[in-house]
file model_14.txt (compact mmCIF, C-alpha atoms (C1' of nucleotides))
# COMPACT_ATOMS: atom_id res chain seq x y z
CA MET F 1354 -1.45 -39.09 -24.76
CA THR F 1355 -3.43 -36.21 -23.31
CA PRO F 1356 -4.28 -33.70 -26.03
CA ALA F 1357 -3.60 -30.04 -25.22
CA LYS F 1358 -3.00 -30.55 -21.52
CA PRO F 1359 -4.15 -27.54 -19.50
CA ARG F 1360 -1.42 -25.12 -18.52
CA THR F 1361 -1.06 -24.82 -14.77
CA ARG F 1362 1.32 -21.87 -14.98
CA LYS F 1363 0.53 -18.75 -13.03
CA PRO F 1364 -1.74 -16.36 -14.90
CA VAL F 1365 0.03 -13.27 -16.17
CA PRO F 1366 1.54 -11.48 -13.16
CA PRO F 1367 -0.24 -8.21 -12.34
CA PRO F 1368 1.42 -5.32 -14.19
CA THR F 1369 2.82 -3.68 -11.07
CA THR F 1370 5.94 -1.57 -11.18
CA ALA F 1371 8.80 -3.36 -9.46
CA PRO F 1372 10.73 -1.42 -6.81
CA GLU F 1373 14.46 -0.86 -7.03
CA PRO F 1374 16.08 -4.20 -6.18
CA LEU F 1375 18.40 -4.43 -3.16
CA ASP F 1376 21.93 -5.71 -2.76
CA SER F 1377 21.59 -9.10 -1.05
CA HIS F 1378 25.07 -10.49 -1.54
CA VAL F 1379 25.54 -11.39 2.12
CA LEU F 1380 22.33 -13.41 2.30
CA GLU F 1381 23.16 -15.05 -1.00
CA SER F 1382 26.39 -16.37 0.48
CA LEU F 1383 24.52 -18.36 3.16
CA VAL F 1384 23.53 -22.00 2.74
CA GLY F 1385 20.43 -21.60 4.91
CA TYR F 1386 19.07 -18.64 2.97
CA ASN F 1387 19.65 -20.25 -0.42
CA ALA F 1388 18.23 -23.61 0.65
CA ARG F 1389 15.08 -21.93 1.88
CA ARG F 1390 14.60 -19.82 -1.25
CA ALA F 1391 15.11 -22.82 -3.51
CA TYR F 1392 12.78 -24.96 -1.41
CA LEU F 1393 10.09 -22.30 -1.63
CA VAL F 1394 10.22 -22.35 -5.43
CA VAL F 1395 9.72 -26.10 -5.52
CA TYR F 1396 7.06 -25.85 -2.81
CA VAL F 1397 4.99 -23.37 -4.83
CA ALA F 1398 5.24 -25.56 -7.93
CA PHE F 1399 4.22 -28.54 -5.82
CA ALA F 1400 1.21 -26.73 -4.36
CA GLU F 1401 0.00 -25.61 -7.80
CA ARG F 1402 0.39 -28.98 -9.44
CA MET F 1403 -0.66 -31.30 -6.63
CA ALA F 1404 -3.82 -29.48 -5.59
CA VAL F 1405 -5.64 -31.73 -8.08
CA TYR F 1406 -4.69 -34.74 -6.00
CA GLY F 1407 -5.48 -33.01 -2.72
CA LEU F 1408 -1.95 -33.69 -1.51
CA LYS F 1409 0.34 -31.33 0.34
CA PRO F 1410 4.06 -32.10 0.59
CA THR F 1411 3.67 -33.81 3.95
CA ASP F 1412 0.75 -35.96 2.72
CA PHE F 1413 2.80 -36.98 -0.27
CA SER F 1414 5.79 -37.85 1.89
CA VAL F 1415 3.70 -40.05 4.18
CA LEU F 1416 2.00 -41.87 1.32
CA SER F 1417 5.30 -42.34 -0.51
CA LEU F 1418 6.87 -43.85 2.58
CA LEU F 1419 3.87 -46.15 3.02
CA ALA F 1420 4.07 -47.24 -0.61
CA HIS F 1421 7.58 -48.52 0.04
CA ASN F 1422 7.16 -49.47 3.69
CA PRO F 1423 3.76 -51.11 4.06
CA GLY F 1424 2.69 -51.59 7.65
CA ALA F 1425 4.86 -48.76 9.00
CA THR F 1426 3.66 -47.27 12.27
CA SER F 1427 2.94 -43.65 13.14
CA ARG F 1428 6.03 -43.66 15.30
CA GLN F 1429 8.24 -44.74 12.41
CA LEU F 1430 6.72 -42.23 10.01
CA CYS F 1431 7.01 -39.41 12.53
CA ALA F 1432 10.67 -40.28 13.12
CA ALA F 1433 11.44 -40.49 9.40
CA LEU F 1434 9.77 -37.18 8.57
CA ASP F 1435 10.51 -35.26 11.77
CA ILE F 1436 6.85 -34.75 12.55
CA GLN F 1437 5.58 -34.46 16.12
CA PRO F 1438 3.17 -37.33 16.86
CA PRO F 1439 0.30 -35.03 17.92
CA ASN F 1440 0.47 -33.29 14.54
CA PHE F 1441 0.39 -36.61 12.78
CA VAL F 1442 -2.98 -37.68 14.12
CA SER F 1443 -5.24 -35.45 12.01
CA LEU F 1444 -3.08 -36.15 8.99
CA VAL F 1445 -3.63 -39.90 9.23
CA ALA F 1446 -7.29 -39.44 10.10
CA ALA F 1447 -7.88 -37.35 6.96
CA MET F 1448 -6.21 -39.89 4.66
CA ASP F 1449 -8.15 -42.64 6.35
CA ARG F 1450 -11.42 -40.78 5.71
CA ARG F 1451 -10.40 -40.34 2.07
CA GLY F 1452 -9.94 -44.08 1.80
CA LEU F 1453 -6.25 -43.77 0.87
CA ILE F 1454 -4.88 -45.66 3.85
CA GLU F 1455 -6.01 -48.38 6.21
CA ARG F 1456 -5.10 -49.04 9.86
CA ARG F 1457 -4.52 -52.62 10.79
CA PRO F 1458 -3.58 -54.01 14.20
CA HIS F 1459 0.16 -54.40 14.57
CA PRO F 1460 1.26 -58.07 14.51
CA HIS F 1461 3.66 -57.86 17.45
CA ASP F 1462 2.63 -54.77 19.45
CA GLY F 1463 -0.87 -54.18 20.72
CA ARG F 1464 -0.26 -50.47 21.25
CA ALA F 1465 0.84 -49.79 17.70
CA VAL F 1466 -1.15 -49.63 14.46
CA GLY F 1467 0.24 -50.69 11.09
CA LEU F 1468 -0.61 -48.30 8.26
CA HIS F 1469 -1.20 -49.56 4.71
CA LEU F 1470 -2.13 -47.99 1.40
CA THR F 1471 -5.52 -49.05 0.07
CA PRO F 1472 -5.80 -49.95 -3.65
CA ALA F 1473 -7.17 -46.42 -4.16
CA GLY F 1474 -4.16 -45.05 -2.28
CA HIS F 1475 -1.78 -47.06 -4.45
CA GLN F 1476 -3.47 -45.88 -7.63
CA LEU F 1477 -3.33 -42.25 -6.48
CA MET F 1478 0.35 -42.57 -5.64
CA VAL F 1479 1.22 -43.98 -9.07
CA GLU F 1480 -0.16 -40.81 -10.64
CA ALA F 1481 1.10 -38.50 -7.88
CA GLU F 1482 4.69 -39.74 -8.00
CA GLU F 1483 4.71 -39.28 -11.77
CA ALA F 1484 3.37 -35.74 -11.36
CA VAL F 1485 5.96 -34.88 -8.69
CA ILE F 1486 8.83 -36.17 -10.81
CA GLN F 1487 7.60 -34.04 -13.70
CA LEU F 1488 7.09 -30.94 -11.56
CA GLU F 1489 10.54 -31.34 -10.02
CA LYS F 1490 12.06 -31.63 -13.45
CA GLU F 1491 10.42 -28.36 -14.47
CA ALA F 1492 11.27 -26.54 -11.25
CA SER F 1493 14.93 -27.51 -11.70
CA HIS F 1494 15.04 -27.17 -15.48
CA LYS F 1495 18.06 -24.86 -15.34
CA LEU F 1496 20.11 -27.74 -13.90
CA THR F 1497 21.60 -30.53 -15.97
CA ASP F 1498 20.88 -34.07 -14.76
CA ARG F 1499 24.41 -34.21 -13.40
CA GLU F 1500 24.04 -30.91 -11.55
CA ARG F 1501 20.77 -32.05 -10.07
CA GLU F 1502 22.42 -35.19 -8.73
CA THR F 1503 25.27 -33.13 -7.33
CA LEU F 1504 22.84 -30.72 -5.67
CA ILE F 1505 21.00 -33.56 -3.94
CA ARG F 1506 24.21 -35.23 -2.86
CA LEU F 1507 25.51 -32.00 -1.30
CA LEU F 1508 22.20 -31.26 0.45
CA GLN F 1509 22.27 -34.74 1.97
CA LYS F 1510 25.77 -34.11 3.28
CA ILE F 1511 24.19 -31.44 5.44
CA TYR F 1512 21.22 -33.27 6.90
CA LEU F 1513 22.12 -36.96 6.77
CA MET U 1458 39.71 -14.46 23.57
CA THR U 1459 36.80 -15.75 25.60
CA PRO U 1460 38.00 -18.44 27.99
CA ALA U 1461 36.08 -21.72 27.96
CA LYS U 1462 33.17 -20.47 25.87
CA PRO U 1463 29.92 -22.22 26.82
CA ARG U 1464 28.88 -25.07 24.54
CA THR U 1465 25.63 -24.40 22.78
CA ARG U 1466 25.30 -27.95 21.48
CA LYS U 1467 22.18 -29.89 22.26
CA PRO U 1468 22.37 -31.67 25.60
CA VAL U 1469 22.74 -35.41 25.33
CA PRO U 1470 19.75 -36.74 23.37
CA PRO U 1471 17.30 -38.65 25.57
CA PRO U 1472 18.16 -42.37 25.58
CA THR U 1473 15.04 -43.48 23.72
CA THR U 1474 15.08 -46.59 21.60
CA ALA U 1475 14.94 -45.64 17.94
CA PRO U 1476 12.29 -47.35 15.79
CA GLU U 1477 13.19 -49.36 12.72
CA PRO U 1478 14.15 -46.81 10.06
CA LEU U 1479 12.16 -46.68 6.82
CA ASP U 1480 13.18 -46.82 3.18
CA SER U 1481 12.91 -43.23 1.93
CA HIS U 1482 14.77 -43.53 -1.36
CA VAL U 1483 12.00 -41.88 -3.39
CA LEU U 1484 11.85 -38.80 -1.17
CA GLU U 1485 15.62 -38.62 -1.13
CA SER U 1486 15.63 -38.32 -4.92
CA LEU U 1487 13.60 -35.11 -4.80
CA VAL U 1488 15.15 -31.64 -4.79
CA GLY U 1489 12.30 -30.17 -2.74
CA TYR U 1490 12.52 -32.76 0.00
CA ASN U 1491 16.28 -32.52 0.31
CA ALA U 1492 16.32 -28.73 0.23
CA ARG U 1493 13.77 -28.63 3.04
CA ARG U 1494 15.60 -31.14 5.21
CA ALA U 1495 18.90 -29.35 4.76
CA TYR U 1496 17.31 -25.96 5.45
CA LEU U 1497 15.78 -27.30 8.66
CA VAL U 1498 19.20 -28.37 9.94
CA VAL U 1499 20.62 -24.91 9.37
CA TYR U 1500 17.49 -23.33 10.78
CA VAL U 1501 17.78 -25.24 14.07
CA ALA U 1502 21.44 -24.30 14.36
CA PHE U 1503 20.50 -20.69 13.67
CA ALA U 1504 17.75 -20.68 16.29
CA GLU U 1505 20.05 -22.14 18.95
CA ARG U 1506 22.94 -19.82 18.28
CA MET U 1507 21.11 -16.58 17.52
CA ALA U 1508 18.69 -16.62 20.44
CA VAL U 1509 21.33 -14.62 22.35
CA TYR U 1510 20.91 -11.79 19.88
CA GLY U 1511 17.11 -12.09 19.84
CA LEU U 1512 17.21 -12.55 16.07
CA LYS U 1513 15.20 -15.01 14.03
CA PRO U 1514 16.21 -15.73 10.43
CA THR U 1515 13.81 -13.15 9.05
CA ASP U 1516 15.01 -10.46 11.47
CA PHE U 1517 18.58 -11.20 10.49
CA SER U 1518 17.74 -11.01 6.79
CA VAL U 1519 16.06 -7.64 7.18
CA LEU U 1520 18.89 -6.16 9.23
CA SER U 1521 21.50 -7.56 6.87
CA LEU U 1522 19.75 -5.98 3.90
CA LEU U 1523 19.51 -2.67 5.75
CA ALA U 1524 23.20 -2.81 6.61
CA HIS U 1525 23.99 -2.89 2.90
CA ASN U 1526 21.03 -0.89 1.65
CA PRO U 1527 20.51 2.01 4.06
CA GLY U 1528 17.25 3.83 3.52
CA ALA U 1529 15.49 0.89 1.90
CA THR U 1530 11.71 0.95 2.17
CA SER U 1531 9.37 -1.69 3.50
CA ARG U 1532 8.22 -2.34 -0.03
CA GLN U 1533 11.75 -3.05 -1.22
CA LEU U 1534 12.52 -5.31 1.72
CA CYS U 1535 9.25 -7.20 1.30
CA ALA U 1536 9.98 -7.73 -2.38
CA ALA U 1537 13.55 -8.87 -1.74
CA LEU U 1538 12.58 -11.34 0.97
CA ASP U 1539 9.18 -12.42 -0.33
CA ILE U 1540 7.36 -11.22 2.78
CA GLN U 1541 3.77 -10.01 2.64
CA PRO U 1542 3.65 -6.34 3.69
CA PRO U 1543 1.10 -6.95 6.50
CA ASN U 1544 3.47 -9.45 8.08
CA PHE U 1545 6.30 -6.98 7.88
CA VAL U 1546 4.69 -4.35 10.07
CA SER U 1547 5.13 -5.97 13.48
CA LEU U 1548 8.63 -7.05 12.49
CA VAL U 1549 9.73 -3.47 11.84
CA ALA U 1550 7.86 -2.20 14.89
CA ALA U 1551 9.68 -4.65 17.15
CA MET U 1552 13.11 -3.75 15.80
CA ASP U 1553 12.22 -0.08 16.13
CA ARG U 1554 11.24 -0.60 19.79
CA ARG U 1555 14.53 -2.39 20.36
CA GLY U 1556 16.35 0.61 18.99
CA LEU U 1557 17.96 -1.35 16.17
CA ILE U 1558 16.42 0.59 13.31
CA GLU U 1559 15.10 4.07 12.66
CA ARG U 1560 12.35 5.28 10.33
CA ARG U 1561 13.07 8.46 8.44
CA PRO U 1562 10.83 10.24 5.97
CA HIS U 1563 11.56 9.20 2.39
CA PRO U 1564 13.32 11.99 0.42
CA HIS U 1565 11.21 11.66 -2.74
CA ASP U 1566 7.97 9.93 -1.70
CA GLY U 1567 5.79 11.17 1.13
CA ARG U 1568 4.03 7.81 1.44
CA ALA U 1569 7.19 5.81 1.96
CA VAL U 1570 9.49 5.53 4.94
CA GLY U 1571 13.22 4.97 4.68
CA LEU U 1572 14.61 2.43 7.14
CA HIS U 1573 18.08 2.78 8.62
CA LEU U 1574 20.17 0.86 11.15
CA THR U 1575 20.94 2.77 14.33
CA PRO U 1576 24.50 2.63 15.72
CA ALA U 1577 23.24 -0.08 18.10
CA GLY U 1578 21.78 -1.94 15.12
CA HIS U 1579 25.09 -1.71 13.27
CA GLN U 1580 27.01 -2.96 16.28
CA LEU U 1581 24.61 -5.88 16.74
CA MET U 1582 24.90 -6.84 13.09
CA VAL U 1583 28.70 -6.88 13.20
CA GLU U 1584 28.50 -9.55 15.89
CA ALA U 1585 25.48 -11.31 14.40
CA GLU U 1586 26.96 -11.67 10.92
CA GLU U 1587 30.11 -13.13 12.43
CA ALA U 1588 28.02 -15.60 14.45
CA VAL U 1589 25.96 -16.62 11.42
CA ILE U 1590 29.05 -17.20 9.31
CA GLN U 1591 30.47 -19.39 12.07
CA LEU U 1592 27.24 -21.31 12.59
CA GLU U 1593 26.87 -21.89 8.86
CA LYS U 1594 30.39 -23.21 8.70
CA GLU U 1595 29.61 -25.70 11.45
CA ALA U 1596 26.26 -26.74 10.00
CA SER U 1597 27.93 -27.46 6.66
CA HIS U 1598 31.17 -28.86 8.08
CA LYS U 1599 30.89 -32.04 6.00
CA LEU U 1600 31.26 -29.93 2.83
CA THR U 1601 34.56 -28.64 1.51
CA ASP U 1602 34.71 -24.92 0.70
CA ARG U 1603 34.44 -25.83 -2.96
CA GLU U 1604 31.41 -28.06 -2.40
CA ARG U 1605 29.74 -25.33 -0.37
CA GLU U 1606 30.22 -22.87 -3.23
CA THR U 1607 28.87 -25.40 -5.69
CA LEU U 1608 25.85 -26.08 -3.50
CA ILE U 1609 24.99 -22.39 -3.29
CA ARG U 1610 25.47 -21.90 -7.01
CA LEU U 1611 23.15 -24.79 -7.84
CA LEU U 1612 20.50 -23.65 -5.35
CA GLN U 1613 20.54 -20.22 -6.96
CA LYS U 1614 20.01 -21.76 -10.37
CA ILE U 1615 16.65 -22.88 -9.03
CA TYR U 1616 15.37 -19.70 -7.44
CA LEU U 1617 17.14 -16.86 -9.24
C1' DT H 55 8.38 -47.74 34.38
C1' DA H 56 8.40 -46.75 29.33
C1' DT H 57 6.13 -46.39 24.81
C1' DT H 58 2.13 -45.72 21.20
C1' DG H 59 -1.21 -43.08 20.04
C1' DT H 60 -4.15 -39.44 21.33
C1' DT H 61 -6.52 -34.81 23.08
C1' DA H 62 -6.21 -30.18 23.99
C1' DT H 63 -3.88 -26.16 23.36
C1' DA H 64 -0.82 -22.41 22.21
C1' DC H 65 2.42 -20.09 19.48
C1' DT H 66 4.43 -18.94 15.11
C1' DC H 67 4.20 -18.23 10.18
C1' DT H 68 1.83 -16.93 6.25
C1' DA H 69 -2.04 -15.12 3.44
C1' DT H 70 -6.08 -11.96 2.21
C1' DA H 71 -9.37 -8.11 2.50
C1' DA H 72 -9.90 -3.62 3.37
C1' DC H 73 -8.58 0.86 5.13
C1' DT H 74 -5.52 5.72 5.10
C1' DA H 75 -2.60 8.90 3.15
C1' DT H 76 -0.12 10.14 -0.34
C1' DA H 77 1.07 10.05 -5.52
C1' DT A 534 -6.58 5.47 -10.28
C1' DA A 535 -2.53 3.32 -8.14
C1' DT A 536 0.92 2.67 -4.47
C1' DA A 537 3.09 2.53 0.62
C1' DG A 538 2.02 1.33 4.78
C1' DT A 539 -1.22 -0.36 7.97
C1' DT A 540 -5.15 -3.05 10.61
C1' DA A 541 -7.66 -7.02 11.48
C1' DT A 542 -8.15 -11.65 10.84
C1' DA A 543 -7.96 -16.38 9.38
C1' DG A 544 -5.53 -20.45 8.21
C1' DA A 545 -1.42 -23.37 8.18
C1' DG A 546 2.41 -25.34 10.52
C1' DT A 547 4.65 -26.62 14.65
C1' DA A 548 5.42 -27.26 19.68
C1' DT A 549 4.44 -29.04 24.62
C1' DA A 550 1.79 -31.16 28.50
C1' DA A 551 -0.88 -34.73 29.86
C1' DC A 552 -3.74 -38.77 29.37
C1' DA A 553 -5.31 -44.04 28.23
C1' DA A 554 -3.96 -48.44 26.66
C1' DT A 555 -0.37 -51.56 26.25
C1' DA A 556 4.45 -53.29 26.86

call {"tool": "encode", "arguments": {"input": "model_14.txt", "output": "structure tokens"}}
result
Amino acid sequence: MTPAKPRTRKPVPPPTTAPEPLDSHVLESLVGYNARRAYLVVYVAFAERMAVYGLKPTDFSVLSLLAHNPGATSRQLCAALDIQPPNFVSLVAAMDRRGLIERRPHPHDGRAVGLHLTPAGHQLMVEAEEAVIQLEKEASHKLTDRERETLIRLLQKIYL
Amino acid sequence: MTPAKPRTRKPVPPPTTAPEPLDSHVLESLVGYNARRAYLVVYVAFAERMAVYGLKPTDFSVLSLLAHNPGATSRQLCAALDIQPPNFVSLVAAMDRRGLIERRPHPHDGRAVGLHLTPAGHQLMVEAEEAVIQLEKEASHKLTDRERETLIRLLQKIYL
DNA sequence: TATTGTTATACTCTATAACTATA
DNA sequence: TATAGTTATAGAGTATAACAATA
């Protein structure tokens, strides 16, 4: 067990005087507005906690997919994550340079490249997935386990 | 009633062959991932439908807050919407040029400026709010009214 | 002819430092 | 000394057109 693990909370917020808050009841009745605000909270927590691993949300998503879909191609990953192929190139290149993934020739298609986690990539993802699960738990600590499941189920009814 | 209102649905998707889908069960267990994917769906629907009004989500949020908080200052709006003040300047300038809002001297603070909707701004927002409510209903049509309320309540437990 | 991966590029969004005028 | 609004600017994130290699 890690003794006295370092707090990664924000330092004390600057002692500014808050302005009078506004009535935002209309915005708060919209799914889009609320989904974005909630996402932003998790995103900030992710950025703070995952900086140690040098992973942004998109990097994490790609590596997580590769962990469970070894040999996936750029095309498949782009489709799964809604990323435009041109924007995917530098992403893959950076993780290749870091030694987290490997490109191997595709068995059936000479145009495609199969992507695989390296042992270092696997090891990083074991720690990173654990950290993300923990960070998500903290970011959604006001929800019971049941509520959290419900939330996810309802969100998926919108985008799946 | 408008006869035969023009469909704003996407044209028929190009007949490309989809790649083998990937197993994304880990990502789909994360609040952050699901909130982002769901937000993106609503965002695209918003962009398609609201282009007629020349309003992006942020513009709409600002105008909606001004409709219910006349005389609010830039500082208040930035705080409410989590926008950095420098990024707010061009936003206000554009809506001022369009004649949607007006800047009046603040009654108590010579540094501040009170923002108000013009009659044209009010009229636009009456139509725009109606359009957003309709578009949200369609984007979340797989949810019952009760589920939609639950979803919003749970999202707010994360960010409020 | 269509698809995979790529280059170049542009546009939007977001963040920070520093200035001004008022308080 | 601190705050409201602003300028300039830099960095992400995201989008499209067009190309080479392969199918």

call {"tool": "atom_distance", "arguments": {"input": "model_14.txt", "atom1": "C1' of DA537 in chain A", "atom2": "CA of Arg1561 in chain U"}}
result
14.0 Å

call {"tool": "closest_residue", "arguments": {"input": "model_14.txt", "among": "U:Val1549, U:Leu1497, U:Cys1535, U:Leu1487", "to": "Leu1488 in chain F", "atoms": "only C-alpha atoms"}}
result
U:Leu1487

call {"tool": "interface_residues", "arguments": {"input": "model_14.txt", "of": "chain H", "to": "chain F", "cutoff": "8 Å", "atoms": "all atoms listed in the file", "output": "list in words"}}
result
DT58, DG59 and DT60 of chain H

call {"tool": "atom_distance", "arguments": {"input": "model_14.txt", "atom1": "CA of Arg1555 in chain U", "atom2": "CA of Thr1575 in chain U"}}
result
10.2 Å

call {"tool": "residues_near_point", "arguments": {"input": "model_14.txt", "point": "(23.5, -31.0, 4.7)", "cutoff": "9 Å", "atoms": "all atoms listed in the file", "output": "NGL selection string"}}
result
(:F and (1506-1513)) or (:U and (1491-1492 or 1494-1496 or 1498-1499 or 1596-1600))

call {"tool": "residues_near_point", "arguments": {"input": "model_14.txt", "point": "(-4.5, -4.7, 9.8)", "cutoff": "12 Å", "atoms": "all atoms listed in the file", "output": "ChimeraX atom specification"}}
result
/U:1542-1547 /H:70-74 /A:538-542

call {"tool": "write_last_selection", "arguments": {"input": "model_14.txt", "atoms": "C-alpha atoms (C1' of nucleotides)", "output": "CSV table (one decimal), keeping the file's coordinate frame"}}
result
chain,number,residue,atom,x,y,z
U,1542,PRO,CA,3.6,-6.3,3.7
U,1543,PRO,CA,1.1,-7.0,6.5
U,1544,ASN,CA,3.5,-9.4,8.1
U,1545,PHE,CA,6.3,-7.0,7.9
U,1546,VAL,CA,4.7,-4.4,10.1
U,1547,SER,CA,5.1,-6.0,13.5
H,70,DT,C1',-6.1,-12.0,2.2
H,71,DA,C1',-9.4,-8.1,2.5
H,72,DA,C1',-9.9,-3.6,3.4
H,73,DC,C1',-8.6,0.9,5.1
H,74,DT,C1',-5.5,5.7,5.1
A,538,DG,C1',2.0,1.3,4.8
A,539,DT,C1',-1.2,-0.4,8.0
A,540,DT,C1',-5.2,-3.0,10.6
A,541,DA,C1',-7.7,-7.0,11.5
A,542,DT,C1',-8.2,-11.6,10.8
